[in-house]
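Q: Hey, dropping work_34.cif in here, mmCIF, C-alpha atoms and all ligand atoms:
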data_target
#
loop_
_atom_site.label_atom_id
_atom_site.label_comp_id
_atom_site.auth_asym_id
_atom_site.auth_seq_id
_atom_site.Cartn_x
_atom_site.Cartn_y
_atom_site.Cartn_z
CA MET A 1 95.75 77.13 239.72
CA SER A 2 97.35 76.06 243.03
CA SER A 3 98.19 72.41 243.64
CA LYS A 4 95.48 72.30 246.32
CA ASP A 5 92.90 73.41 243.74
CA ALA A 6 94.15 70.70 241.42
CA VAL A 7 93.58 68.09 244.12
CA GLU A 8 90.02 69.30 244.67
CA ARG A 9 89.40 69.46 240.94
CA ALA A 10 90.50 65.85 240.71
CA LYS A 11 88.18 64.90 243.56
CA TYR A 12 85.16 66.21 241.67
CA GLU A 13 86.32 65.18 238.20
CA PRO A 14 83.35 62.78 237.78
CA LEU A 15 81.05 65.79 237.75
CA ARG A 16 83.04 67.71 235.16
CA SER A 17 82.32 66.76 231.57
CA LYS A 18 85.38 68.58 230.14
CA PRO A 19 89.00 69.15 231.12
CA PRO A 20 89.90 72.70 232.24
CA GLU A 21 89.42 75.24 229.42
CA PRO A 22 88.85 79.04 229.21
CA VAL A 23 85.12 78.92 229.99
CA SER A 24 85.75 76.70 232.99
CA ASP A 25 88.55 78.99 234.17
CA ALA A 26 86.28 82.05 233.77
CA LEU A 27 83.53 80.37 235.81
CA GLU A 28 86.07 79.49 238.49
CA THR A 29 86.84 83.17 239.07
CA MET A 30 83.35 83.65 240.56
CA PRO A 31 83.53 84.08 244.36
CA TYR A 32 81.23 82.15 246.70
CA GLY A 33 80.58 81.70 250.37
CA LEU A 34 81.02 78.32 251.99
CA TYR A 35 78.23 76.60 253.88
CA ILE A 36 77.56 73.32 255.63
CA VAL A 37 74.08 72.09 254.74
CA GLY A 38 72.55 69.82 257.38
CA SER A 39 69.84 67.26 256.79
CA ARG A 40 68.50 64.04 258.28
CA SER A 41 67.02 60.86 256.90
CA GLU A 42 63.42 59.93 257.66
CA ASP A 43 64.70 57.64 260.43
CA GLY A 44 66.71 60.48 261.96
CA GLN A 45 70.30 59.87 260.72
CA PRO A 46 71.93 63.33 260.51
CA ASN A 47 74.24 64.29 257.63
CA CYS A 48 76.11 67.44 256.58
CA MET A 49 77.65 68.48 253.26
CA MET A 50 79.83 71.34 252.04
CA ALA A 51 78.09 73.64 249.54
CA ASP A 52 79.04 76.98 248.06
CA TRP A 53 76.22 77.35 245.52
CA LEU A 54 73.89 78.82 248.15
CA MET A 55 72.31 82.29 248.54
CA GLN A 56 69.36 84.28 249.93
CA VAL A 57 66.83 84.95 247.13
CA SER A 58 63.90 86.75 248.84
CA PHE A 59 63.35 89.11 251.80
CA GLU A 60 59.62 88.52 252.26
CA PRO A 61 59.31 85.68 252.81
CA ARG A 62 62.95 84.96 253.56
CA LEU A 63 64.00 82.31 251.06
CA LEU A 64 67.33 80.56 250.52
CA LEU A 65 68.40 78.75 247.36
CA CYS A 66 70.89 75.91 247.29
CA SER A 67 72.02 73.91 244.30
CA LEU A 68 72.58 70.26 245.18
CA GLU A 69 74.08 67.39 243.20
CA ASN A 70 71.32 65.06 242.05
CA ASP A 71 72.96 62.07 243.73
CA ALA A 72 73.78 63.77 247.07
CA THR A 73 72.49 62.07 250.20
CA THR A 74 71.61 65.59 251.36
CA LEU A 75 69.15 66.06 248.47
CA LYS A 76 67.60 62.64 249.10
CA ASN A 77 67.16 63.54 252.79
CA ILE A 78 65.60 66.94 252.02
CA ARG A 79 63.17 65.37 249.53
CA ALA A 80 62.17 62.82 252.19
CA THR A 81 61.81 65.17 255.18
CA GLY A 82 61.19 68.59 253.58
CA VAL A 83 63.66 70.35 255.90
CA PHE A 84 67.34 71.33 256.10
CA SER A 85 69.75 73.53 258.03
CA VAL A 86 72.54 75.84 256.90
CA ASN A 87 75.65 76.39 259.01
CA VAL A 88 77.96 79.35 258.35
CA LEU A 89 81.45 78.64 259.69
CA PRO A 90 83.98 81.07 261.17
CA ALA A 91 87.02 81.97 259.06
CA ASP A 92 89.37 79.73 261.09
CA ALA A 93 87.23 76.60 260.73
CA GLY A 94 88.78 75.22 257.54
CA GLU A 95 89.64 71.91 259.20
CA LEU A 96 86.05 71.47 260.37
CA ALA A 97 84.73 72.36 256.91
CA ALA A 98 86.96 69.76 255.26
CA LYS A 99 85.13 66.97 257.09
CA PHE A 100 82.04 67.66 254.98
CA ALA A 101 83.44 67.53 251.44
CA GLN A 102 83.28 63.73 251.22
CA PRO A 103 79.92 62.13 250.39
CA ARG A 104 78.13 60.09 253.05
CA ASP A 105 77.66 57.33 250.49
CA ALA A 106 81.13 56.54 249.13
CA SER A 107 79.69 54.96 245.95
CA LYS A 108 78.88 58.52 244.83
CA ILE A 109 82.52 58.89 243.73
CA LYS A 110 82.90 56.87 240.53
CA GLY A 111 85.78 54.50 239.92
CA ARG A 112 86.25 53.26 243.48
CA SER A 113 86.59 49.59 244.30
CA ALA A 114 83.48 47.70 245.43
CA GLU A 115 84.88 47.63 248.95
CA ALA A 116 85.59 51.38 249.03
CA SER A 117 82.20 52.13 247.47
CA ALA A 118 80.37 50.26 250.21
CA VAL A 119 81.52 52.70 252.92
CA ILE A 120 78.95 54.94 254.59
CA TYR A 121 80.66 57.88 256.35
CA ASP A 122 79.19 59.27 259.52
CA LYS A 123 80.65 62.74 258.91
CA LEU A 124 79.25 64.04 262.20
CA GLN A 125 80.74 61.30 264.37
CA ASP A 126 83.40 63.56 265.97
CA VAL A 127 81.66 66.89 265.43
CA SER A 128 79.62 68.44 268.24
CA HIS A 129 76.16 69.38 267.04
CA THR A 130 72.57 69.55 268.17
CA PRO A 131 69.32 68.95 266.29
CA GLY A 132 67.52 72.19 265.42
CA ALA A 133 64.24 72.75 267.27
CA GLN A 134 62.29 73.41 264.05
CA THR A 135 63.76 70.79 261.74
CA GLN A 136 65.84 68.35 263.85
CA CYS A 137 68.59 68.95 261.28
CA PRO A 138 72.17 69.33 262.61
CA LEU A 139 73.32 72.71 263.91
CA LEU A 140 77.09 72.74 264.47
CA ASP A 141 78.20 73.99 267.90
CA ASP A 142 81.26 75.68 266.34
CA ALA A 143 79.29 77.51 263.64
CA LEU A 144 79.34 81.29 263.33
CA ALA A 145 75.62 81.24 262.57
CA TRP A 146 72.90 78.76 261.64
CA LEU A 147 69.56 78.79 259.85
CA GLU A 148 66.72 76.28 259.73
CA CYS A 149 64.66 75.98 256.55
CA ARG A 150 61.61 74.23 255.13
CA ALA A 151 62.01 73.19 251.48
CA GLU A 152 59.32 74.76 249.31
CA GLN A 153 60.48 74.14 245.73
CA PHE A 154 62.68 71.64 243.90
CA ILE A 155 63.76 72.77 240.44
CA GLU A 156 65.77 70.57 238.05
CA ALA A 157 68.97 72.27 236.89
CA GLY A 158 71.15 69.92 234.84
CA ASP A 159 73.24 67.69 237.09
CA HIS A 160 72.03 69.64 240.15
CA THR A 161 68.64 70.38 241.74
CA LEU A 162 67.79 73.83 243.07
CA VAL A 163 66.17 73.66 246.47
CA ILE A 164 64.38 76.80 247.61
CA GLY A 165 63.77 76.85 251.35
CA ARG A 166 61.81 79.17 253.61
CA VAL A 167 63.87 80.32 256.59
CA LEU A 168 62.11 79.22 259.78
CA ASP A 169 64.69 80.33 262.34
CA GLY A 170 68.30 81.41 262.68
CA ALA A 171 70.89 82.76 265.09
CA VAL A 172 74.41 84.13 265.25
CA LEU A 173 76.51 82.21 267.80
CA ARG A 174 79.68 84.32 267.89
CA ASP A 175 81.42 87.38 266.42
CA GLY A 176 83.80 87.01 263.50
CA GLU A 177 84.28 86.72 259.76
CA PRO A 178 82.58 83.89 257.84
CA LEU A 179 84.67 81.27 256.05
CA THR A 180 84.46 81.57 252.26
CA GLN A 181 85.41 79.26 249.40
CA ARG A 182 88.32 81.56 248.47
CA MET A 183 89.77 81.42 252.00
CA LEU A 184 89.71 77.64 251.88
CA GLY A 185 91.49 77.72 248.52
CA TRP A 186 89.15 75.14 247.03
CA SER A 187 87.30 75.30 243.78
CA TYR A 188 83.79 74.08 242.94
CA GLY A 189 82.67 75.49 239.63
CA GLY A 190 83.87 75.71 236.07
C1 LIG A 201 84.48 73.83 247.94
C2 LIG A 201 83.36 72.86 247.65
C3 LIG A 201 82.09 73.35 247.38
C4 LIG A 201 81.04 72.50 247.10
N1 LIG A 201 79.82 73.02 246.79
C5 LIG A 201 78.81 72.19 246.46
C6 LIG A 201 77.53 72.71 246.12
O1 LIG A 201 77.29 73.92 246.12
N2 LIG A 201 76.55 71.81 245.81
C7 LIG A 201 76.77 70.46 245.81
O2 LIG A 201 75.85 69.71 245.51
N3 LIG A 201 77.97 69.94 246.13
C8 LIG A 201 78.98 70.77 246.47
N4 LIG A 201 80.20 70.24 246.81
C9 LIG A 201 80.37 68.79 246.80
C10 LIG A 201 79.73 68.17 248.04
O3 LIG A 201 80.26 68.75 249.23
C11 LIG A 201 79.97 66.66 248.09
O4 LIG A 201 79.51 66.03 246.93
C12 LIG A 201 79.33 66.08 249.31
O5 LIG A 201 80.09 65.02 249.68
C13 LIG A 201 77.90 65.62 249.18
O6 LIG A 201 77.56 65.07 250.42
P1 LIG A 201 76.39 64.02 250.65
O7 LIG A 201 76.37 63.08 249.47
O8 LIG A 201 76.77 63.34 251.95
O9 LIG A 201 75.12 64.80 250.75
C14 LIG A 201 81.25 71.10 247.09
C15 LIG A 201 82.52 70.59 247.41
C16 LIG A 201 83.56 71.46 247.67
C17 LIG A 201 84.92 70.89 247.97
#
Could I get this file's structure written as structure tokens?
A:
Amino acid sequence: MSSKDAVERAKYEPLRSKPPEPVSDALETMPYGLYIVGSRSEDGQPNCMMADWLMQVSFEPRLLLCSLENDATTLKNIRATGVFSVNVLPADAGELAAKFAQPRDASKIKGRSAEASAVIYDKLQDVSHTPGAQTQCPLLDDALAWLECRAEQFIEAGDHTLVIGRVLDGAVLRDGEPLTQRMLGWSYGG
């Protein structure tokens, strides 16, 4: 495991019930894409989060599945509004992607001081984006492609919730390779 992976593992340690072991290592070999899921609160505050547990699961209708931490602001927003967006980033957008790995609500990371836990991050503050026409969820100007979705099913899955969304619209903004979890060198899984 690279030192960068170790840093990311430490960041998400609260979610992991066990230290690294063979099963965890085997699960970590699984390759994933890397997506920025956009949402908004009922009063219109946009938010984005990094997610790699995301895939298309039906052609007709076109359905996407994403697995979201039960305490993510993103999941709360999608439950409240019934909509979300998915941004696929270009391969050279690692720095942009990194802005979305922290939770909006800092208290989500256990063990922080009361002061640190009280912070609400506006992750989109310095990121150019526009609200999608179908969902008003954030579409990143620098994305490779975007999709807008309406949530149709919420399925409990341990410490995550599976959200199945119908694709309402989508577009490719530029040519190029998509950024993947492997390219970023980060690990979420195990
Ligand atoms: C490489 C990587 C992949 C991630 N994939 C997921 C994922 O698929 N689902 C998830 O719920 N969180 C995932 N996370 C963690 C979220 O990005 C993180 O908890 C995020 O801050 C939640 O944002 P929110 O609380 O503002 O919605 C991942 C983190 C990293 C670093």
Q: Would you work out the distance separating atom C8 of ligand LIG 201 (chain A) from atom CA of A:Phe100, expressed in Å to one decimal?
A: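 Taking atom C8 of ligand LIG 201 (chain A) and atom CA of A:Phe100, their separation equals 9.6 Å.
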Q: Could the residues that lie within 7 Å of ligand LIG 201 (chain A), counting all atoms listed in the file, be listed as number ranges by chain?
A: A: 8, 34, 47-54, 66-69, 71-75, 100-105, 108, 160, 181, 186-188
Q: Name all residues at most 10 Å from A:Leu140 (count all atoms listed in the file; drop same-chain ones fewer than 4 positions away) and give them as a list in words.
A: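 Contacts, with the query itself left out: Ile36, Gly38, Cys48, Ser85, Val86, Asn87, Val88, Leu89, Leu96, Leu124, Val127, Ser128, His129, Thr130, Pro131, Gly132, Leu144, Ala145 and Trp146 of chain A.
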Q: Suppose you want the space between atom CA of A:Arg40 and atom CA of A:Ile78; what is it in Å?
A: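 So the two atoms, atom CA of A:Arg40 and atom CA of A:Ile78, lie 7.5 Å apart.
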Q: Have a look at atom CA of A:Asp169 and atom CA of A:Lys76 and let me know their distance in Å, one decimal.
A: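 Interatomic distance, atom CA of A:Asp169 to atom CA of A:Lys76: 22.3 Å.
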Q: The centre and edge lengths of an axis-aligned box containing all atoms of stretch 131-139 of chain A present in the file, extended by 5 Å on each side, are to be given in Å to one decimal, as AutoDock Vina command-line options.
A:
--center_x 67.8 --center_y 70.9 --center_z 264.3 --size_x 21.0 --size_y 15.1 --size_z 16.0
Q: So which one's closest to A:Phe154, A:Thr180, A:Asn70, A:Thr135, A:Ser24? Using all atoms listed in the file, please.
A: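 Ranked by minimum distance to A:Phe154, first place goes to A:Asn70.
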Q: Taking into account only C-alpha atoms, which residue in the set A:Ala118, A:Val57, A:Leu184, A:Leu147 is nearest to A:Val167?
A: A:Leu147
Q: Using only C-alpha atoms, which of A:Ile120, A:Met30, A:Leu139, A:Leu65 sits nearest A:Gly165?
A: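 For A:Gly165, the nearest of the given residues is A:Leu65.
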Q: Nearest residue to A:Pro178 out of A:Ala80, A:Ala143, A:Ala106, A:Ala26, using all atoms listed in the file?
A: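 When distances to A:Pro178 are compared using all atoms listed in the file, the smallest one comes from A:Ala143.
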Q: With distances taken over only C-alpha atoms, which residue among A:Leu27, A:Cys137, A:Val163, A:Leu173 lies nearest A:Ser41?
A: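 Using only C-alpha atoms, A:Ser41 sits closest to A:Cys137.
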Q: Return the single residue from A:Gly170, A:Gly176, A:Pro138, A:Gly158 that is closest to A:Gly44, with distances computed using all atoms listed in the file.
A: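 The closest residue to A:Gly44 is A:Pro138.
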